[in-house]
file data-v8.txt (compact mmCIF, C-alpha atoms (C1' of nucleotides))
# COMPACT_ATOMS: atom_id res chain seq x y z
CA MET A 1 115.63 -36.21 29.94
CA LYS A 2 115.76 -39.91 29.25
CA LYS A 3 113.49 -42.11 31.29
CA SER A 4 114.74 -45.34 32.77
CA LYS A 5 112.91 -48.45 31.63
CA PRO A 6 110.33 -49.80 34.10
CA SER A 7 111.29 -53.14 35.65
CA TYR A 8 109.33 -56.39 35.60
CA LYS A 9 108.43 -55.82 39.23
CA PHE A 10 107.23 -52.31 38.53
CA LEU A 11 105.06 -53.20 35.53
CA MET A 12 103.50 -56.15 37.33
CA ALA A 13 102.80 -54.05 40.40
CA LEU A 14 101.21 -51.46 38.12
CA TYR A 15 99.11 -54.17 36.50
CA ASN A 16 98.04 -55.50 39.90
CA ALA A 17 97.04 -52.01 41.01
CA LEU A 18 94.74 -51.78 37.98
CA LEU A 19 93.47 -55.32 38.46
CA GLY A 20 92.61 -54.53 42.07
CA HIS A 21 90.62 -51.51 40.99
CA PHE A 22 88.82 -52.76 37.88
CA GLY A 23 88.79 -56.55 38.36
CA VAL A 24 89.41 -58.98 35.49
CA ARG A 25 88.20 -57.27 32.34
CA ASN A 26 87.44 -60.32 30.21
CA TRP A 27 88.21 -58.66 26.90
CA TRP A 28 87.78 -58.19 23.83
CA PRO A 29 84.12 -57.18 23.42
CA GLY A 30 83.19 -59.68 20.70
CA ASP A 31 81.38 -63.00 20.59
CA SER A 32 83.67 -64.73 18.10
CA PRO A 33 87.16 -64.42 16.60
CA PHE A 34 85.63 -63.16 13.37
CA GLU A 35 83.68 -60.48 15.21
CA VAL A 36 86.94 -59.40 16.83
CA CYS A 37 88.54 -59.05 13.39
CA VAL A 38 85.66 -56.93 12.13
CA GLY A 39 85.62 -54.85 15.30
CA ALA A 40 89.37 -54.28 15.08
CA VAL A 41 88.97 -52.57 11.70
CA LEU A 42 85.81 -50.68 12.61
CA THR A 43 87.26 -49.24 15.81
CA GLN A 44 90.11 -47.45 14.04
CA ASN A 45 90.10 -43.91 15.44
CA THR A 46 86.52 -44.43 16.55
CA ALA A 47 84.67 -44.71 19.86
CA TRP A 48 83.59 -48.26 20.65
CA THR A 49 79.96 -47.18 21.20
CA ASN A 50 79.76 -46.33 17.49
CA VAL A 51 81.43 -49.58 16.50
CA ALA A 52 78.88 -51.54 18.54
CA LYS A 53 76.07 -50.05 16.45
CA ALA A 54 77.74 -51.07 13.21
CA VAL A 55 78.38 -54.59 14.53
CA ALA A 56 74.74 -54.81 15.65
CA ASN A 57 73.65 -53.91 12.11
CA LEU A 58 75.80 -56.69 10.69
CA LYS A 59 74.47 -59.18 13.22
CA ALA A 60 70.87 -58.22 12.56
CA ARG A 61 71.43 -59.05 8.89
CA SER A 62 73.36 -62.24 9.68
CA ALA A 63 76.25 -60.63 7.89
CA LEU A 64 78.92 -61.31 10.49
CA ASP A 65 80.31 -64.06 8.32
CA PRO A 66 83.30 -64.08 5.95
CA PHE A 67 81.38 -65.47 2.97
CA VAL A 68 78.39 -63.20 3.40
CA LEU A 69 80.63 -60.14 3.58
CA TYR A 70 82.73 -61.42 0.69
CA ARG A 71 79.65 -61.39 -1.57
CA MET A 72 78.22 -58.12 -0.29
CA PRO A 73 78.36 -55.05 -2.57
CA HIS A 74 80.40 -52.11 -1.30
CA GLU A 75 77.41 -49.79 -0.98
CA GLU A 76 75.47 -52.25 1.13
CA LEU A 77 78.40 -52.93 3.46
CA ALA A 78 79.19 -49.22 3.76
CA GLU A 79 75.59 -48.47 4.69
CA MET A 80 75.56 -51.12 7.42
CA ILE A 81 78.77 -49.93 9.06
CA ARG A 82 77.85 -46.26 8.69
CA PRO A 83 77.53 -45.58 12.46
CA ALA A 84 81.22 -46.47 12.91
CA GLY A 85 82.28 -43.49 10.79
CA TYR A 86 84.72 -43.44 7.83
CA TYR A 87 82.29 -45.94 6.36
CA ASN A 88 83.61 -45.82 2.82
CA VAL A 89 87.26 -46.41 3.73
CA LYS A 90 86.34 -48.96 6.36
CA ALA A 91 84.15 -50.91 3.92
CA VAL A 92 87.18 -51.19 1.63
CA ARG A 93 89.52 -52.13 4.50
CA LEU A 94 87.07 -54.74 5.75
CA ARG A 95 86.78 -56.18 2.27
CA ASN A 96 90.58 -56.35 1.94
CA LEU A 97 90.76 -58.36 5.16
CA ILE A 98 87.84 -60.58 4.09
CA ASP A 99 89.60 -61.20 0.78
CA LEU A 100 92.62 -62.56 2.66
CA ILE A 101 90.43 -64.81 4.82
CA VAL A 102 88.27 -66.14 2.00
CA GLU A 103 90.69 -66.28 -0.92
CA ASN A 104 93.79 -67.46 0.92
CA HIS A 105 92.23 -69.44 3.78
CA GLU A 106 88.87 -70.63 2.49
CA GLY A 107 87.08 -68.53 5.07
CA ASP A 108 88.74 -70.43 7.90
CA LEU A 109 90.30 -68.28 10.62
CA LYS A 110 92.05 -71.29 12.11
CA SER A 111 94.01 -71.53 8.89
CA LEU A 112 94.85 -67.82 8.96
CA PHE A 113 95.92 -68.05 12.60
CA SER A 114 98.00 -71.23 12.30
CA PRO A 115 101.43 -69.73 11.42
CA PRO A 116 103.83 -68.36 14.07
CA ILE A 117 103.12 -64.85 15.34
CA HIS A 118 105.67 -63.08 13.14
CA GLU A 119 104.40 -64.71 9.97
CA LEU A 120 100.77 -64.11 10.89
CA ARG A 121 101.56 -60.46 11.61
CA GLN A 122 103.23 -60.05 8.22
CA GLN A 123 100.16 -61.51 6.51
CA LEU A 124 97.85 -59.14 8.34
CA LEU A 125 100.08 -56.12 7.73
CA SER A 126 100.08 -56.92 4.01
CA VAL A 127 96.37 -56.10 3.95
CA LYS A 128 95.75 -52.49 2.95
CA GLY A 129 93.95 -50.92 5.88
CA VAL A 130 95.44 -53.16 8.54
CA GLY A 131 98.22 -51.40 10.45
CA LYS A 132 100.19 -52.46 13.49
CA GLU A 133 97.52 -51.87 16.08
CA THR A 134 94.77 -53.57 14.10
CA ALA A 135 97.02 -56.53 13.29
CA ASP A 136 98.15 -56.93 16.90
CA SER A 137 94.58 -56.64 18.19
CA ILE A 138 93.56 -59.47 15.89
CA ILE A 139 96.57 -61.58 16.89
CA LEU A 140 95.99 -61.12 20.62
CA TYR A 141 92.22 -61.03 20.90
CA ALA A 142 91.09 -63.19 17.96
CA ALA A 143 93.99 -65.60 17.47
CA GLY A 144 94.84 -65.73 21.17
CA LYS A 145 98.57 -65.37 20.66
CA PRO A 146 100.79 -63.30 22.98
CA ILE A 147 101.57 -59.92 21.43
CA PHE A 148 101.14 -56.60 23.23
CA VAL A 149 98.67 -54.17 21.69
CA VAL A 150 99.72 -50.53 21.73
CA ASP A 151 96.90 -48.07 21.22
CA ALA A 152 96.03 -44.47 21.96
CA TYR A 153 95.12 -45.37 25.52
CA THR A 154 98.41 -47.18 26.11
CA ARG A 155 100.43 -44.23 24.88
CA ARG A 156 98.32 -41.70 26.75
CA VAL A 157 98.37 -43.54 30.04
CA LEU A 158 102.10 -44.22 29.88
CA LEU A 159 102.83 -40.66 28.80
CA ARG A 160 100.55 -39.09 31.35
CA HIS A 161 102.14 -41.06 34.13
CA GLY A 162 105.62 -40.21 32.98
CA LEU A 163 106.59 -43.74 31.92
CA VAL A 164 107.53 -42.94 28.32
CA GLU A 165 108.71 -39.91 26.40
CA ASP A 166 106.29 -38.04 24.19
CA GLY A 167 106.61 -39.31 20.63
CA THR A 168 107.81 -42.82 21.56
CA ASP A 169 106.86 -44.92 18.55
CA TYR A 170 104.71 -48.04 18.39
CA ASP A 171 107.52 -50.57 18.22
CA ALA A 172 109.38 -49.04 21.15
CA VAL A 173 106.31 -49.08 23.40
CA GLN A 174 105.53 -52.65 22.40
CA GLU A 175 109.13 -53.72 22.97
CA LEU A 176 108.97 -52.21 26.44
CA PHE A 177 106.29 -54.75 27.38
CA HIS A 178 107.71 -57.67 25.40
CA SER A 179 111.13 -57.35 26.95
CA THR A 180 109.91 -56.77 30.48
CA ILE A 181 106.97 -59.05 31.21
CA PRO A 182 106.43 -62.70 30.14
CA ARG A 183 104.98 -63.52 26.71
CA ASP A 184 101.64 -64.63 28.08
CA THR A 185 98.36 -64.28 26.19
CA ALA A 186 96.11 -64.02 29.24
CA LEU A 187 98.39 -61.43 30.86
CA TYR A 188 98.70 -59.31 27.70
CA ASN A 189 94.99 -59.58 27.09
CA ASP A 190 94.01 -58.31 30.51
CA PHE A 191 96.88 -55.84 30.89
CA HIS A 192 95.85 -54.02 27.76
CA ALA A 193 92.21 -54.18 28.83
CA GLN A 194 93.16 -52.62 32.17
CA ILE A 195 95.04 -49.83 30.40
CA VAL A 196 91.99 -49.12 28.26
CA ALA A 197 89.83 -49.07 31.39
CA VAL A 198 92.03 -46.58 33.24
CA GLY A 199 92.53 -44.54 30.08
CA HIS A 200 88.83 -44.41 29.47
CA HIS A 201 87.83 -43.54 33.01
CA PHE A 202 90.65 -41.31 34.17
CA CYS A 203 93.01 -40.21 31.42
CA ARG A 204 90.64 -39.09 28.70
CA ARG A 205 89.09 -35.71 29.14
CA LYS A 206 89.41 -35.08 32.82
CA PRO A 207 91.88 -32.34 33.77
CA VAL A 208 92.81 -34.10 37.02
CA CYS A 209 93.28 -37.72 38.01
CA GLY A 210 91.33 -37.89 41.27
CA GLY A 211 90.60 -41.48 42.18
CA CYS A 212 92.83 -42.90 39.47
CA PRO A 213 94.34 -46.17 40.76
CA LEU A 214 97.57 -45.40 38.92
CA GLN A 215 97.96 -42.10 40.70
CA VAL A 216 97.66 -43.88 44.02
CA PHE A 217 100.10 -46.54 42.90
CA LEU A 218 102.59 -44.28 41.21
CA ASP A 219 102.86 -41.52 43.76
CA GLY A 220 106.39 -41.70 45.09
CA GLN A 221 107.31 -44.61 42.82
CA SER A 222 107.15 -43.40 39.25
CA PRO A 223 109.35 -41.02 37.31
CA GLY A 224 106.57 -38.56 38.00
CA HIS A 225 102.84 -38.41 37.65
CA VAL A 226 101.80 -35.82 35.08
CA PRO A 227 98.26 -34.60 35.66
CA GLY A 228 96.37 -32.47 33.21
CA ILE A 229 97.36 -33.95 29.87
CA THR A 230 94.16 -34.47 27.97
CA GLY A 231 93.52 -35.67 24.44
CA LYS A 232 96.44 -36.72 22.33
C1' DG B 233 79.02 -25.88 18.17
C1' DA B 234 83.66 -27.41 19.12
C1' DC B 235 86.18 -31.26 20.41
C1' DC B 236 87.26 -36.01 20.63
C1' DA B 237 87.32 -41.17 19.73
C1' DG B 238 91.23 -48.18 20.88
C1' DG B 239 94.21 -45.68 12.65
C1' DC B 240 95.73 -45.93 8.26
C1' DA B 241 97.38 -44.83 3.63
C1' DC B 242 98.97 -41.54 0.79
C1' DA B 243 101.02 -36.99 -0.79
C1' DT B 244 104.45 -33.82 -0.17
C1' DC B 245 108.60 -31.82 1.33
C1' DG C 246 111.91 -40.16 7.00
C1' DA C 247 109.20 -36.59 9.06
C1' DT C 248 104.98 -34.14 8.69
C1' DG C 249 100.27 -33.08 6.95
C1' DT C 250 95.74 -34.53 5.28
C1' DG C 251 91.40 -37.05 4.19
C1' DC C 252 88.21 -40.06 5.90
C1' DA C 253 82.80 -39.31 9.10
C1' DT C 254 79.67 -40.70 12.77
C1' DG C 255 77.97 -39.94 17.47
C1' DG C 256 78.78 -38.65 22.45
C1' DT C 257 80.24 -34.91 25.75

call {"tool": "encode", "arguments": {"input": "data-v8.txt", "output": "structure tokens"}}
result
Amino acid sequence: MKKSKPSYKFLMALYNALLGHFGVRNWWPGDSPFEVCVGAVLTQNTAWTNVAKAVANLKARSALDPFVLYRMPHEELAEMIRPAGYYNVKAVRLRNLIDLIVENHEGDLKSLFSPPIHELRQQLLSVKGVGKETADSIILYAAGKPIFVVDAYTRRVLLRHGLVEDGTDYDAVQELFHSTIPRDTALYNDFHAQIVAVGHHFCRRKPVCGGCPLQVFLDGQSPGHVPGITGK
DNA sequence: GACCAGGCACATC
DNA sequence: GATGTGCATGGT
């Protein structure tokens, strides 16, 4: 069964339902654009609580800096980000991103972020270890440009509430937002943050959705609320 | 002790 | 081009 595409009105009402429940989220959890870039790589398939420990290690060593990380040996970097898991692959991926920043932009993120979104995205995607979600997270939350981030929470929440088909790919989910609601950085930033909030609190492990603001909103309005889908 | 978490690249068919 | 696999820690 093919689902009809949600309207502007519907998506905004959905957003407002989340906003009313959670309040403005003020995302991403990071003190600087560079920290957002590092966090975006470290959080790949990893709980944020573990990422926070790795970031704290880097901060404690004053290593949250492109030039410091550029000079750091692999073993040392891997050891510092160990709590985030996959530390060997992530140390390489982080280094690949740092290489782009330092070697092509003299360590200056403003330089990296200066091109139009499409060009910036291509640059980020050319880095081995930076996929669509990581690139888009950096573009939205570090560069402050309007692109919608599609992550596990986004898919899960949309799927669980019957708004997309199972297996809908990244580009299709992203296009759903881009073609429906305005290209606005602040809106995309908070919308995604709201989705993460509801995904984290209500659509993760719990077998039922009691108290979920989306359930309240969607009942009688959505293609069908689908309780009980946990995990991926 | 099993299961899961804000992916990604690579091998194989 | 679809599907499977390795990477790894820490919380529930």

call {"tool": "closest_atom_pairs", "arguments": {"input": "data-v8.txt", "of": "chain A", "to": "chain C", "cutoff": "9 Å", "atoms": "all atoms listed in the file", "output": "CSV"}}
result
residue,atom,partner,partner_atom,distance
A:Thr46,CA,C:DT254,C1',8.7
A:Ala47,CA,C:DG255,C1',8.6
A:Thr49,CA,C:DG255,C1',8.4
A:Asn50,CA,C:DG255,C1',6.6
A:Arg82,CA,C:DT254,C1',7.1
A:Pro83,CA,C:DT254,C1',5.3
A:Ala84,CA,C:DT254,C1',6.0
A:Gly85,CA,C:DT254,C1',4.3
A:Tyr86,CA,C:DA253,C1',4.7
A:Tyr87,CA,C:DA253,C1',7.2
A:Asn88,CA,C:DC252,C1',8.0
A:Val89,CA,C:DC252,C1',6.8

call {"tool": "write_last_selection", "arguments": {"input": "data-v8.txt", "atoms": "C-alpha atoms", "output": "short mmCIF file (atom, residue, chain, number, x, y, z; two decimals), keeping the file's coordinate frame"}}
result
data_model
loop_
_atom_site.label_atom_id
_atom_site.label_comp_id
_atom_site.auth_asym_id
_atom_site.auth_seq_id
_atom_site.Cartn_x
_atom_site.Cartn_y
_atom_site.Cartn_z
CA THR A 46 86.52 -44.43 16.55
CA ALA A 47 84.67 -44.71 19.86
CA THR A 49 79.96 -47.18 21.20
CA ASN A 50 79.76 -46.33 17.49
CA ARG A 82 77.85 -46.26 8.69
CA PRO A 83 77.53 -45.58 12.46
CA ALA A 84 81.22 -46.47 12.91
CA GLY A 85 82.28 -43.49 10.79
CA TYR A 86 84.72 -43.44 7.83
CA TYR A 87 82.29 -45.94 6.36
CA ASN A 88 83.61 -45.82 2.82
CA VAL A 89 87.26 -46.41 3.73
#

call {"tool": "atom_distance", "arguments": {"input": "data-v8.txt", "atom1": "atom CA of Leu77 of chain A", "atom2": "atom CA of Asn57 of chain A"}}
result
9.9 Å

call {"tool": "interface_residues", "arguments": {"input": "data-v8.txt", "of": "chain B", "to": "chain A", "cutoff": "6 Å", "atoms": "all atoms listed in the file", "output": "VMD selection string"}}
result
chain B and resid 237 to 240

call {"tool": "atom_distance", "arguments": {"input": "data-v8.txt", "atom1": "atom CA of Leu18 of chain A", "atom2": "atom CA of Glu35 of chain A"}}
result
26.8 Å

call {"tool": "atom_distance", "arguments": {"input": "data-v8.txt", "atom1": "atom CA of Ala197 of chain A", "atom2": "atom CA of Val127 of chain A"}}
result
29.1 Å

call {"tool": "axis_aligned_box", "arguments": {"input": "data-v8.txt", "around": "chain C", "padding_each_side": "8 Å", "output": "AutoDock Vina command-line options"}}
result
--center_x 94.9 --center_y -36.9 --center_z 15.0 --size_x 49.9 --size_y 23.6 --size_z 37.6

call {"tool": "residues_around", "arguments": {"input": "data-v8.txt", "residues": "segment 173-188 of chain A", "least_positions_apart": "6", "cutoff": "8 Å", "atoms": "only C-alpha atoms (C1' of nucleotides)", "output": "PyMOL selection string"}}
result
chain A and resi 5-8+11-12+140+144-150+155+164
